[in-house]
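S.K.: Input structure: query_32.txt, which contains compact mmCIF, N, CA and C atoms.
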```
# COMPACT_ATOMS: atom_id res chain seq x y z
N SER A 1 -10.88 43.29 47.40
CA SER A 1 -11.77 43.11 48.53
C SER A 1 -13.13 43.76 48.29
N ASP A 2 -13.17 44.86 47.51
CA ASP A 2 -14.46 45.48 47.22
C ASP A 2 -15.27 44.64 46.23
N LEU A 3 -14.63 43.65 45.61
CA LEU A 3 -15.35 42.76 44.69
C LEU A 3 -15.91 41.53 45.42
N LEU A 4 -15.74 41.50 46.74
CA LEU A 4 -16.29 40.41 47.52
C LEU A 4 -17.80 40.32 47.34
N TRP A 5 -18.46 41.47 47.15
CA TRP A 5 -19.90 41.50 46.92
C TRP A 5 -20.25 40.66 45.68
N VAL A 6 -19.45 40.77 44.63
CA VAL A 6 -19.70 40.02 43.39
C VAL A 6 -19.55 38.53 43.64
N VAL A 7 -18.53 38.16 44.39
CA VAL A 7 -18.31 36.76 44.70
C VAL A 7 -19.48 36.20 45.51
N GLN A 8 -19.97 36.98 46.47
CA GLN A 8 -21.12 36.54 47.26
C GLN A 8 -22.37 36.41 46.38
N GLU A 9 -22.56 37.36 45.46
CA GLU A 9 -23.69 37.28 44.53
C GLU A 9 -23.59 36.01 43.68
N ALA A 10 -22.38 35.71 43.20
CA ALA A 10 -22.17 34.52 42.38
C ALA A 10 -22.49 33.26 43.17
N PHE A 11 -22.04 33.24 44.42
CA PHE A 11 -22.26 32.06 45.26
C PHE A 11 -23.75 31.82 45.50
N ASN A 12 -24.51 32.90 45.59
CA ASN A 12 -25.95 32.80 45.87
C ASN A 12 -26.83 32.95 44.64
N ALA A 13 -26.23 32.94 43.47
CA ALA A 13 -26.98 33.19 42.24
C ALA A 13 -28.05 32.12 42.03
N PRO A 14 -29.25 32.56 41.64
CA PRO A 14 -30.28 31.56 41.32
C PRO A 14 -29.92 30.85 40.01
N LEU A 15 -30.44 29.66 39.86
CA LEU A 15 -30.22 28.92 38.63
C LEU A 15 -31.05 29.53 37.51
N PRO A 16 -30.52 29.53 36.29
CA PRO A 16 -31.36 29.91 35.15
C PRO A 16 -32.57 28.96 35.08
N LEU A 17 -33.63 29.41 34.43
CA LEU A 17 -34.91 28.70 34.47
C LEU A 17 -34.85 27.23 34.08
N SER A 18 -34.12 26.88 33.05
CA SER A 18 -34.15 25.49 32.57
C SER A 18 -33.14 24.59 33.29
N TRP A 19 -32.46 25.10 34.30
CA TRP A 19 -31.47 24.31 35.03
C TRP A 19 -32.04 23.83 36.36
N THR A 20 -31.62 22.65 36.77
CA THR A 20 -31.97 22.12 38.07
C THR A 20 -30.71 21.58 38.74
N GLU A 21 -30.74 21.57 40.07
CA GLU A 21 -29.60 21.10 40.86
C GLU A 21 -29.90 19.70 41.38
N TYR A 22 -28.91 18.83 41.29
CA TYR A 22 -29.03 17.46 41.78
C TYR A 22 -27.80 17.11 42.60
N THR A 23 -27.91 16.03 43.35
CA THR A 23 -26.78 15.49 44.10
C THR A 23 -26.60 14.05 43.68
N ASP A 24 -25.35 13.68 43.36
CA ASP A 24 -25.11 12.30 42.93
C ASP A 24 -24.99 11.38 44.14
N ASP A 25 -24.74 10.10 43.90
CA ASP A 25 -24.68 9.09 44.97
C ASP A 25 -23.54 9.35 45.97
N GLU A 26 -22.54 10.11 45.53
CA GLU A 26 -21.40 10.42 46.40
C GLU A 26 -21.58 11.76 47.12
N GLY A 27 -22.75 12.40 46.94
CA GLY A 27 -23.03 13.67 47.63
C GLY A 27 -22.52 14.90 46.91
N ARG A 28 -22.07 14.73 45.67
CA ARG A 28 -21.57 15.88 44.90
C ARG A 28 -22.72 16.55 44.16
N VAL A 29 -22.71 17.88 44.17
CA VAL A 29 -23.75 18.65 43.50
C VAL A 29 -23.39 18.80 42.03
N TYR A 30 -24.38 18.63 41.18
CA TYR A 30 -24.21 18.91 39.75
C TYR A 30 -25.48 19.56 39.23
N PHE A 31 -25.40 20.11 38.04
CA PHE A 31 -26.50 20.86 37.46
C PHE A 31 -26.87 20.25 36.11
N PHE A 32 -28.17 20.28 35.82
CA PHE A 32 -28.68 19.68 34.58
C PHE A 32 -29.61 20.65 33.89
N ASN A 33 -29.41 20.80 32.58
CA ASN A 33 -30.24 21.66 31.75
C ASN A 33 -31.22 20.78 30.98
N GLN A 34 -32.51 20.94 31.28
CA GLN A 34 -33.52 20.12 30.61
C GLN A 34 -33.61 20.41 29.12
N SER A 35 -33.34 21.64 28.73
CA SER A 35 -33.47 22.02 27.32
C SER A 35 -32.42 21.36 26.44
N SER A 36 -31.20 21.27 26.95
CA SER A 36 -30.10 20.76 26.12
C SER A 36 -29.59 19.39 26.57
N SER A 37 -30.10 18.89 27.69
CA SER A 37 -29.62 17.64 28.31
C SER A 37 -28.16 17.73 28.72
N GLN A 38 -27.68 18.94 28.92
CA GLN A 38 -26.30 19.18 29.36
C GLN A 38 -26.24 19.08 30.87
N SER A 39 -25.18 18.46 31.38
CA SER A 39 -24.94 18.46 32.82
C SER A 39 -23.54 19.00 33.07
N THR A 40 -23.36 19.59 34.25
CA THR A 40 -22.08 20.19 34.59
C THR A 40 -21.91 20.21 36.10
N TRP A 41 -20.66 20.17 36.54
CA TRP A 41 -20.37 20.29 37.97
C TRP A 41 -20.39 21.75 38.39
N GLU A 42 -20.26 22.64 37.44
CA GLU A 42 -20.16 24.08 37.71
C GLU A 42 -21.53 24.75 37.62
N HIS A 43 -21.81 25.64 38.56
CA HIS A 43 -23.06 26.40 38.51
C HIS A 43 -23.15 27.11 37.16
N PRO A 44 -24.28 27.06 36.48
CA PRO A 44 -24.39 27.65 35.14
C PRO A 44 -24.11 29.15 35.08
N MET A 45 -24.19 29.85 36.19
CA MET A 45 -23.91 31.29 36.17
C MET A 45 -22.46 31.62 36.51
N ASP A 46 -21.66 30.62 36.88
CA ASP A 46 -20.26 30.89 37.26
C ASP A 46 -19.49 31.59 36.14
N SER A 47 -19.66 31.15 34.92
CA SER A 47 -18.92 31.75 33.80
C SER A 47 -19.33 33.20 33.58
N VAL A 48 -20.59 33.51 33.84
CA VAL A 48 -21.07 34.89 33.71
C VAL A 48 -20.37 35.78 34.73
N TYR A 49 -20.31 35.33 35.97
CA TYR A 49 -19.68 36.13 37.01
C TYR A 49 -18.17 36.24 36.79
N ARG A 50 -17.53 35.17 36.32
CA ARG A 50 -16.09 35.26 36.01
C ARG A 50 -15.85 36.30 34.93
N GLU A 51 -16.69 36.29 33.89
CA GLU A 51 -16.54 37.27 32.81
C GLU A 51 -16.75 38.68 33.34
N LEU A 52 -17.73 38.87 34.21
CA LEU A 52 -17.98 40.19 34.77
C LEU A 52 -16.80 40.68 35.61
N LEU A 53 -16.20 39.79 36.39
CA LEU A 53 -15.04 40.19 37.19
C LEU A 53 -13.88 40.63 36.29
N ILE A 54 -13.71 39.95 35.16
CA ILE A 54 -12.66 40.35 34.21
C ILE A 54 -12.96 41.73 33.62
N VAL A 55 -14.21 41.95 33.23
CA VAL A 55 -14.60 43.25 32.67
C VAL A 55 -14.36 44.36 33.69
N ILE A 56 -14.76 44.14 34.92
CA ILE A 56 -14.60 45.16 35.97
C ILE A 56 -13.12 45.43 36.23
N GLN A 57 -12.32 44.36 36.33
CA GLN A 57 -10.89 44.54 36.60
C GLN A 57 -10.20 45.27 35.45
N ARG A 58 -10.53 44.91 34.22
CA ARG A 58 -9.93 45.60 33.07
C ARG A 58 -10.32 47.08 33.06
N ALA A 59 -11.58 47.36 33.36
CA ALA A 59 -12.04 48.75 33.40
C ALA A 59 -11.26 49.54 34.44
N ARG A 60 -11.05 48.93 35.58
CA ARG A 60 -10.31 49.61 36.65
C ARG A 60 -8.83 49.76 36.30
N ASP A 61 -8.26 48.74 35.66
CA ASP A 61 -6.84 48.78 35.29
C ASP A 61 -6.54 49.90 34.30
N VAL A 62 -7.44 50.14 33.36
CA VAL A 62 -7.20 51.18 32.36
C VAL A 62 -7.77 52.53 32.76
N GLY A 63 -8.34 52.61 33.95
CA GLY A 63 -8.84 53.88 34.46
C GLY A 63 -10.20 54.28 33.96
N VAL A 64 -10.91 53.36 33.34
CA VAL A 64 -12.25 53.69 32.84
C VAL A 64 -13.16 54.11 33.98
N SER A 65 -12.95 53.49 35.15
CA SER A 65 -13.85 53.75 36.27
C SER A 65 -13.71 55.17 36.81
N ALA A 66 -12.70 55.93 36.36
CA ALA A 66 -12.53 57.31 36.82
C ALA A 66 -13.60 58.23 36.23
N SER A 67 -14.08 57.91 35.06
CA SER A 67 -15.07 58.74 34.39
C SER A 67 -16.41 58.02 34.32
N GLU A 68 -17.45 58.69 34.81
CA GLU A 68 -18.79 58.08 34.78
C GLU A 68 -19.24 57.82 33.35
N ASP A 69 -18.93 58.76 32.42
CA ASP A 69 -19.32 58.56 31.02
C ASP A 69 -18.62 57.35 30.41
N SER A 70 -17.34 57.19 30.72
CA SER A 70 -16.60 56.02 30.21
C SER A 70 -17.16 54.73 30.77
N CYS A 71 -17.49 54.74 32.05
CA CYS A 71 -18.09 53.55 32.67
C CYS A 71 -19.43 53.22 32.05
N ALA A 72 -20.25 54.23 31.86
CA ALA A 72 -21.56 54.01 31.27
C ALA A 72 -21.42 53.43 29.86
N ALA A 73 -20.46 53.93 29.10
CA ALA A 73 -20.23 53.42 27.74
C ALA A 73 -19.75 51.97 27.78
N LEU A 74 -18.87 51.66 28.73
CA LEU A 74 -18.37 50.30 28.85
C LEU A 74 -19.51 49.34 29.20
N VAL A 75 -20.35 49.72 30.15
CA VAL A 75 -21.49 48.88 30.54
C VAL A 75 -22.42 48.69 29.35
N GLN A 76 -22.74 49.79 28.66
CA GLN A 76 -23.63 49.71 27.51
C GLN A 76 -23.05 48.82 26.42
N ASN A 77 -21.76 48.95 26.14
CA ASN A 77 -21.12 48.13 25.10
C ASN A 77 -21.12 46.65 25.49
N HIS A 78 -20.84 46.38 26.75
CA HIS A 78 -20.84 44.98 27.21
C HIS A 78 -22.24 44.38 27.06
N LEU A 79 -23.25 45.12 27.51
CA LEU A 79 -24.62 44.61 27.43
C LEU A 79 -25.06 44.44 25.99
N ARG A 80 -24.63 45.33 25.12
CA ARG A 80 -24.96 45.21 23.69
C ARG A 80 -24.31 43.95 23.10
N GLU A 81 -23.06 43.69 23.47
CA GLU A 81 -22.36 42.49 22.99
C GLU A 81 -23.07 41.21 23.46
N VAL A 82 -23.46 41.18 24.73
CA VAL A 82 -24.15 40.00 25.27
C VAL A 82 -25.54 39.88 24.64
N HIS A 83 -26.19 40.99 24.38
CA HIS A 83 -27.48 40.96 23.71
C HIS A 83 -27.35 40.32 22.33
N GLN A 84 -26.27 40.62 21.63
CA GLN A 84 -26.03 40.00 20.31
C GLN A 84 -25.82 38.50 20.46
N ARG A 85 -25.11 38.08 21.51
CA ARG A 85 -24.94 36.64 21.78
C ARG A 85 -26.31 35.99 21.98
N ALA A 86 -27.15 36.69 22.74
CA ALA A 86 -28.49 36.17 23.02
C ALA A 86 -29.28 36.00 21.73
N LEU A 87 -29.23 37.01 20.88
CA LEU A 87 -29.97 36.94 19.62
C LEU A 87 -29.52 35.74 18.78
N ARG A 88 -28.20 35.51 18.74
CA ARG A 88 -27.68 34.36 17.98
C ARG A 88 -28.15 33.05 18.61
N ALA A 89 -28.12 32.97 19.94
CA ALA A 89 -28.52 31.75 20.64
C ALA A 89 -30.01 31.48 20.50
N LEU A 90 -30.79 32.53 20.34
CA LEU A 90 -32.25 32.38 20.27
C LEU A 90 -32.77 32.12 18.86
N GLN A 91 -31.91 32.23 17.86
CA GLN A 91 -32.34 32.07 16.48
C GLN A 91 -33.04 30.75 16.21
N ASP A 92 -32.60 29.68 16.86
CA ASP A 92 -33.15 28.36 16.59
C ASP A 92 -34.40 28.04 17.41
N TRP A 93 -34.80 28.95 18.29
CA TRP A 93 -35.97 28.72 19.13
C TRP A 93 -37.22 29.30 18.49
N SER A 94 -38.34 28.62 18.72
CA SER A 94 -39.64 29.14 18.29
C SER A 94 -40.65 28.85 19.40
N GLY A 95 -41.76 29.54 19.33
CA GLY A 95 -42.80 29.37 20.33
C GLY A 95 -43.15 30.71 20.93
N PRO A 96 -44.04 30.72 21.85
CA PRO A 96 -44.59 29.57 22.55
C PRO A 96 -45.69 28.87 21.74
N TYR A 97 -45.79 27.57 21.99
CA TYR A 97 -46.83 26.74 21.41
C TYR A 97 -47.74 26.28 22.53
N ALA A 98 -49.02 26.17 22.22
CA ALA A 98 -49.99 25.76 23.23
C ALA A 98 -50.02 24.24 23.36
N ALA A 99 -50.11 23.78 24.59
CA ALA A 99 -50.29 22.37 24.90
C ALA A 99 -51.21 22.29 26.12
N GLU A 100 -51.75 21.13 26.38
CA GLU A 100 -52.64 20.98 27.54
C GLU A 100 -51.95 21.39 28.83
N GLU A 101 -50.66 21.08 28.94
CA GLU A 101 -49.91 21.36 30.16
C GLU A 101 -49.47 22.82 30.27
N GLY A 102 -49.55 23.56 29.19
CA GLY A 102 -49.11 24.96 29.17
C GLY A 102 -48.39 25.28 27.88
N GLU A 103 -47.68 26.38 27.87
CA GLU A 103 -46.93 26.78 26.69
C GLU A 103 -45.53 26.17 26.70
N TYR A 104 -45.05 25.82 25.52
CA TYR A 104 -43.69 25.29 25.41
C TYR A 104 -42.97 25.95 24.24
N TYR A 105 -41.66 25.78 24.21
CA TYR A 105 -40.79 26.36 23.19
C TYR A 105 -40.00 25.23 22.56
N TYR A 106 -39.63 25.42 21.28
CA TYR A 106 -38.96 24.35 20.55
C TYR A 106 -37.71 24.89 19.88
N ASN A 107 -36.61 24.12 20.00
CA ASN A 107 -35.37 24.45 19.33
C ASN A 107 -35.22 23.53 18.13
N HIS A 108 -35.27 24.12 16.94
CA HIS A 108 -35.25 23.35 15.70
C HIS A 108 -33.90 22.67 15.44
N ARG A 109 -32.82 23.32 15.85
CA ARG A 109 -31.49 22.74 15.62
C ARG A 109 -31.22 21.58 16.57
N LEU A 110 -31.52 21.78 17.85
CA LEU A 110 -31.26 20.73 18.85
C LEU A 110 -32.36 19.68 18.92
N LYS A 111 -33.52 20.02 18.34
CA LYS A 111 -34.69 19.14 18.37
C LYS A 111 -35.11 18.81 19.80
N VAL A 112 -35.19 19.87 20.61
CA VAL A 112 -35.64 19.74 22.00
C VAL A 112 -36.70 20.80 22.27
N SER A 113 -37.52 20.51 23.26
CA SER A 113 -38.52 21.49 23.69
C SER A 113 -38.37 21.73 25.18
N THR A 114 -38.91 22.85 25.64
CA THR A 114 -38.85 23.21 27.05
C THR A 114 -40.07 24.03 27.42
N TRP A 115 -40.45 23.93 28.68
CA TRP A 115 -41.55 24.75 29.19
C TRP A 115 -41.07 26.15 29.51
N ASP A 116 -39.77 26.31 29.71
CA ASP A 116 -39.20 27.60 30.11
C ASP A 116 -38.83 28.42 28.89
N SER A 117 -39.16 29.68 28.93
CA SER A 117 -38.86 30.57 27.82
C SER A 117 -37.36 30.83 27.73
N PRO A 118 -36.74 30.51 26.58
CA PRO A 118 -35.32 30.82 26.42
C PRO A 118 -35.06 32.33 26.46
N VAL A 119 -36.04 33.11 26.08
CA VAL A 119 -35.90 34.57 26.15
C VAL A 119 -35.78 35.01 27.61
N ALA A 120 -36.60 34.44 28.46
CA ALA A 120 -36.57 34.80 29.88
C ALA A 120 -35.22 34.48 30.52
N GLU A 121 -34.59 33.38 30.09
CA GLU A 121 -33.26 33.05 30.62
C GLU A 121 -32.24 34.12 30.25
N TRP A 122 -32.29 34.56 29.00
CA TRP A 122 -31.36 35.60 28.57
C TRP A 122 -31.67 36.93 29.27
N GLU A 123 -32.94 37.22 29.47
CA GLU A 123 -33.30 38.44 30.20
C GLU A 123 -32.75 38.41 31.61
N GLN A 124 -32.83 37.24 32.26
CA GLN A 124 -32.28 37.09 33.61
C GLN A 124 -30.77 37.32 33.60
N GLU A 125 -30.09 36.76 32.62
CA GLU A 125 -28.64 36.94 32.55
C GLU A 125 -28.27 38.40 32.28
N LEU A 126 -28.97 39.04 31.36
CA LEU A 126 -28.68 40.45 31.07
C LEU A 126 -28.93 41.34 32.29
N LEU A 127 -29.98 41.06 33.03
CA LEU A 127 -30.26 41.84 34.24
C LEU A 127 -29.17 41.63 35.28
N THR A 128 -28.71 40.40 35.43
CA THR A 128 -27.60 40.12 36.35
C THR A 128 -26.36 40.91 35.96
N ARG A 129 -26.03 40.87 34.67
CA ARG A 129 -24.85 41.59 34.19
C ARG A 129 -24.99 43.10 34.43
N GLN A 130 -26.14 43.64 34.11
CA GLN A 130 -26.37 45.07 34.29
C GLN A 130 -26.24 45.45 35.77
N THR A 131 -26.84 44.68 36.65
CA THR A 131 -26.81 44.96 38.08
C THR A 131 -25.39 44.95 38.61
N VAL A 132 -24.62 43.92 38.27
CA VAL A 132 -23.26 43.80 38.79
C VAL A 132 -22.37 44.91 38.23
N LEU A 133 -22.44 45.16 36.94
CA LEU A 133 -21.60 46.21 36.35
C LEU A 133 -21.97 47.59 36.89
N PHE A 134 -23.26 47.85 37.03
CA PHE A 134 -23.67 49.14 37.58
C PHE A 134 -23.13 49.30 38.99
N TRP A 135 -23.31 48.29 39.81
CA TRP A 135 -22.88 48.36 41.21
C TRP A 135 -21.38 48.63 41.30
N CYS A 136 -20.60 47.90 40.51
CA CYS A 136 -19.13 47.96 40.64
C CYS A 136 -18.50 49.14 39.92
N LEU A 137 -19.12 49.62 38.84
CA LEU A 137 -18.47 50.66 38.04
C LEU A 137 -19.17 52.02 38.15
N LEU A 138 -20.45 52.03 38.45
CA LEU A 138 -21.19 53.30 38.48
C LEU A 138 -21.85 53.58 39.83
N GLY A 139 -22.07 52.56 40.61
CA GLY A 139 -22.85 52.72 41.83
C GLY A 139 -22.03 52.69 43.09
N PRO A 140 -22.64 52.25 44.18
CA PRO A 140 -22.00 52.28 45.50
C PRO A 140 -20.76 51.42 45.62
N GLY A 141 -20.62 50.38 44.79
CA GLY A 141 -19.46 49.51 44.90
C GLY A 141 -18.25 50.02 44.13
N ARG A 142 -18.36 51.22 43.59
CA ARG A 142 -17.32 51.83 42.75
C ARG A 142 -16.04 52.06 43.49
```
What would the structure in this file look like if it were written as structure tokens?
M.R.:
Amino acid sequence: SDLLWVVQEAFNAPLPLSWTEYTDDEGRVYFFNQSSSQSTWEHPMDSVYRELLIVIQRARDVGVSASEDSCAALVQNHLREVHQRALRALQDWSGPYAAEEGEYYYNHRLKVSTWDSPVAEWEQELLTRQTVLFWCLLGPGR
């Protein structure tokens, strides 16, 4: 029940920069990523929040949350792991490049470009992860 805050945050989570929300002809909501041309019925941040709930529950199950130092180490290790994921995902991106319409970024592997910085998307995700983990393991939601 104390994790209800996380569920509410997930429900109200903003879309990452390159994602947009659409409704199909039957009134169903779906999401589309302009950078990858990927579409999904699931909010793009749902998997992030599910992963965070697992991390928090595991920390609580093994008693990590009893020690502030252990919690801080767990948060730091998780953020470091996700940062490494970000670095791998960003390897194929280059830019920004100047264009009349503004700056754009290019993915050499996917052969797609976007106006939105892929770095900014990862920064948004890392900040979300840090905020949720801090709240649940080190802060008032502990």
S.K.: In Å, how far is it from atom N of Ala72 of chain A to atom C of Ala13 of chain A?
M.R.: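 Answer for the atom N of Ala72 of chain A to atom C of Ala13 of chain A separation: 25.6 Å.
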S.K.: Name all residues at most 8 Å from Arg129 of chain A (count all atoms listed in the file; drop same-chain ones fewer than 5 positions away) and give them as a ChimeraX atom specification.
M.R.: /A:48-49,52,75,78-79,123-124,134-135
S.K.: Which one of A:Val29, A:Val119, A:Ala86, A:Tyr104 sits closest to Glu42 of chain A if you count all atoms listed in the file?
M.R.: A:Val29
S.K.: When you draw a straight line from atom CA of Asn12 of chain A to atom CA of Leu87 of chain A, how long is it in Å?
M.R.: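 Between atom CA of Asn12 of chain A and atom CA of Leu87 of chain A the gap is 26.9 Å.
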S.K.: In segment 7-141 of chain A, what's strand (DSSP E or B) per DSSP? Answer as a ChimeraX atom specification?
M.R.: /A:19-23,29-33,38-40,93-99,102-107,112-114
S.K.: Could you tell me how far atom CA of Ser94 of chain A lies from atom CA of Asn107 of chain A, in Å and to one decimal?
M.R.: 6.4 Å
S.K.: Mind the document's chain letters and residue numbers, and return as a list of chain:residue names the residues of segment 29-75 of chain A that DSSP labels alpha helix (DSSP H).
M.R.: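 Everything in segment 29-75 of chain A that counts as alpha helix (DSSP H) is A:Asp46, A:Ser47, A:Val48, A:Tyr49, A:Arg50, A:Glu51, A:Leu52, A:Leu53, A:Ile54, A:Val55, A:Ile56, A:Gln57, A:Arg58, A:Ala59, A:Arg60, A:Asp61, A:Glu68, A:Asp69, A:Ser70, A:Cys71, A:Ala72, A:Ala73, A:Leu74, A:Val75.
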S.K.: Here is a test: counting only C-alpha atoms, which residue of A:Leu137, A:Gln84, A:Leu17, A:Ile56 is nearest to Ser35 of chain A?
M.R.: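 Using only C-alpha atoms, Ser35 of chain A sits closest to A:Leu17.
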S.K.: If you count only N, CA and C atoms, which residues fall within 8 Å of Tyr30 of chain A, apart from same-chain ones fewer than 4 positions away, as a ChimeraX atom specification?
M.R.: /A:20-24,39-43
S.K.: May I have the selected residues written with N, CA and C atoms, as a compact mmCIF listing (two decimals), in the frame of the given file?
M.R.:
```
# COMPACT_ATOMS: atom_id res chain seq x y z
N THR A 20 -31.62 22.65 36.77
CA THR A 20 -31.97 22.12 38.07
C THR A 20 -30.71 21.58 38.74
N GLU A 21 -30.74 21.57 40.07
CA GLU A 21 -29.60 21.10 40.86
C GLU A 21 -29.90 19.70 41.38
N TYR A 22 -28.91 18.83 41.29
CA TYR A 22 -29.03 17.46 41.78
C TYR A 22 -27.80 17.11 42.60
N THR A 23 -27.91 16.03 43.35
CA THR A 23 -26.78 15.49 44.10
C THR A 23 -26.60 14.05 43.68
N ASP A 24 -25.35 13.68 43.36
CA ASP A 24 -25.11 12.30 42.93
C ASP A 24 -24.99 11.38 44.14
N SER A 39 -25.18 18.46 31.38
CA SER A 39 -24.94 18.46 32.82
C SER A 39 -23.54 19.00 33.07
N THR A 40 -23.36 19.59 34.25
CA THR A 40 -22.08 20.19 34.59
C THR A 40 -21.91 20.21 36.10
N TRP A 41 -20.66 20.17 36.54
CA TRP A 41 -20.37 20.29 37.97
C TRP A 41 -20.39 21.75 38.39
N GLU A 42 -20.26 22.64 37.44
CA GLU A 42 -20.16 24.08 37.71
C GLU A 42 -21.53 24.75 37.62
N HIS A 43 -21.81 25.64 38.56
CA HIS A 43 -23.06 26.40 38.51
C HIS A 43 -23.15 27.11 37.16
```
S.K.: I'd like the contact shell of Phe11 of chain A - 12 Å cut-off, only C-alpha atoms, skipping same-chain residues fewer than 2 positions apart - returned as a PyMOL selection string.
M.R.: chain A and resi 4-9+13-15+42-50
S.K.: Since the input lacks atoms, please generate N, CA, C and O atoms for segment 6-17 of chain A and provide them as a PDB file, in the frame of the given file.
M.R.:
```pdb
ATOM      1  N   VAL A   6     -19.450  40.770  44.630  1.00  0.00           N
ATOM      2  CA  VAL A   6     -19.700  40.020  43.390  1.00  0.00           C
ATOM      3  C   VAL A   6     -19.550  38.530  43.640  1.00  0.00           C
ATOM      4  O   VAL A   6     -20.363  37.724  43.182  1.00  0.00           O
ATOM      5  N   VAL A   7     -18.530  38.160  44.390  1.00  0.00           N
ATOM      6  CA  VAL A   7     -18.310  36.760  44.700  1.00  0.00           C
ATOM      7  C   VAL A   7     -19.480  36.200  45.510  1.00  0.00           C
ATOM      8  O   VAL A   7     -19.955  35.097  45.254  1.00  0.00           O
ATOM      9  N   GLN A   8     -19.970  36.980  46.470  1.00  0.00           N
ATOM     10  CA  GLN A   8     -21.120  36.540  47.260  1.00  0.00           C
ATOM     11  C   GLN A   8     -22.370  36.410  46.380  1.00  0.00           C
ATOM     12  O   GLN A   8     -23.148  35.469  46.533  1.00  0.00           O
ATOM     13  N   GLU A   9     -22.560  37.360  45.460  1.00  0.00           N
ATOM     14  CA  GLU A   9     -23.690  37.280  44.530  1.00  0.00           C
ATOM     15  C   GLU A   9     -23.590  36.010  43.680  1.00  0.00           C
ATOM     16  O   GLU A   9     -24.575  35.329  43.451  1.00  0.00           O
ATOM     17  N   ALA A  10     -22.380  35.710  43.200  1.00  0.00           N
ATOM     18  CA  ALA A  10     -22.170  34.520  42.380  1.00  0.00           C
ATOM     19  C   ALA A  10     -22.490  33.260  43.170  1.00  0.00           C
ATOM     20  O   ALA A  10     -23.134  32.337  42.665  1.00  0.00           O
ATOM     21  N   PHE A  11     -22.040  33.240  44.420  1.00  0.00           N
ATOM     22  CA  PHE A  11     -22.260  32.060  45.260  1.00  0.00           C
ATOM     23  C   PHE A  11     -23.750  31.820  45.500  1.00  0.00           C
ATOM     24  O   PHE A  11     -24.195  30.682  45.585  1.00  0.00           O
ATOM     25  N   ASN A  12     -24.510  32.900  45.590  1.00  0.00           N
ATOM     26  CA  ASN A  12     -25.950  32.800  45.870  1.00  0.00           C
ATOM     27  C   ASN A  12     -26.830  32.950  44.640  1.00  0.00           C
ATOM     28  O   ASN A  12     -28.048  33.075  44.763  1.00  0.00           O
ATOM     29  N   ALA A  13     -26.230  32.940  43.470  1.00  0.00           N
ATOM     30  CA  ALA A  13     -26.980  33.190  42.240  1.00  0.00           C
ATOM     31  C   ALA A  13     -28.050  32.120  42.030  1.00  0.00           C
ATOM     32  O   ALA A  13     -27.794  30.924  42.189  1.00  0.00           O
ATOM     33  N   PRO A  14     -29.250  32.560  41.640  1.00  0.00           N
ATOM     34  CA  PRO A  14     -30.280  31.560  41.320  1.00  0.00           C
ATOM     35  C   PRO A  14     -29.920  30.850  40.010  1.00  0.00           C
ATOM     36  O   PRO A  14     -29.201  31.386  39.170  1.00  0.00           O
ATOM     37  N   LEU A  15     -30.440  29.660  39.860  1.00  0.00           N
ATOM     38  CA  LEU A  15     -30.220  28.920  38.630  1.00  0.00           C
ATOM     39  C   LEU A  15     -31.050  29.530  37.510  1.00  0.00           C
ATOM     40  O   LEU A  15     -32.171  29.981  37.748  1.00  0.00           O
ATOM     41  N   PRO A  16     -30.520  29.530  36.290  1.00  0.00           N
ATOM     42  CA  PRO A  16     -31.360  29.910  35.150  1.00  0.00           C
ATOM     43  C   PRO A  16     -32.570  28.960  35.080  1.00  0.00           C
ATOM     44  O   PRO A  16     -32.523  27.832  35.576  1.00  0.00           O
ATOM     45  N   LEU A  17     -33.630  29.410  34.430  1.00  0.00           N
ATOM     46  CA  LEU A  17     -34.910  28.700  34.470  1.00  0.00           C
ATOM     47  C   LEU A  17     -34.850  27.230  34.080  1.00  0.00           C
ATOM     48  O   LEU A  17     -35.500  26.399  34.693  1.00  0.00           O
TER      49      LEU A  17
END
```
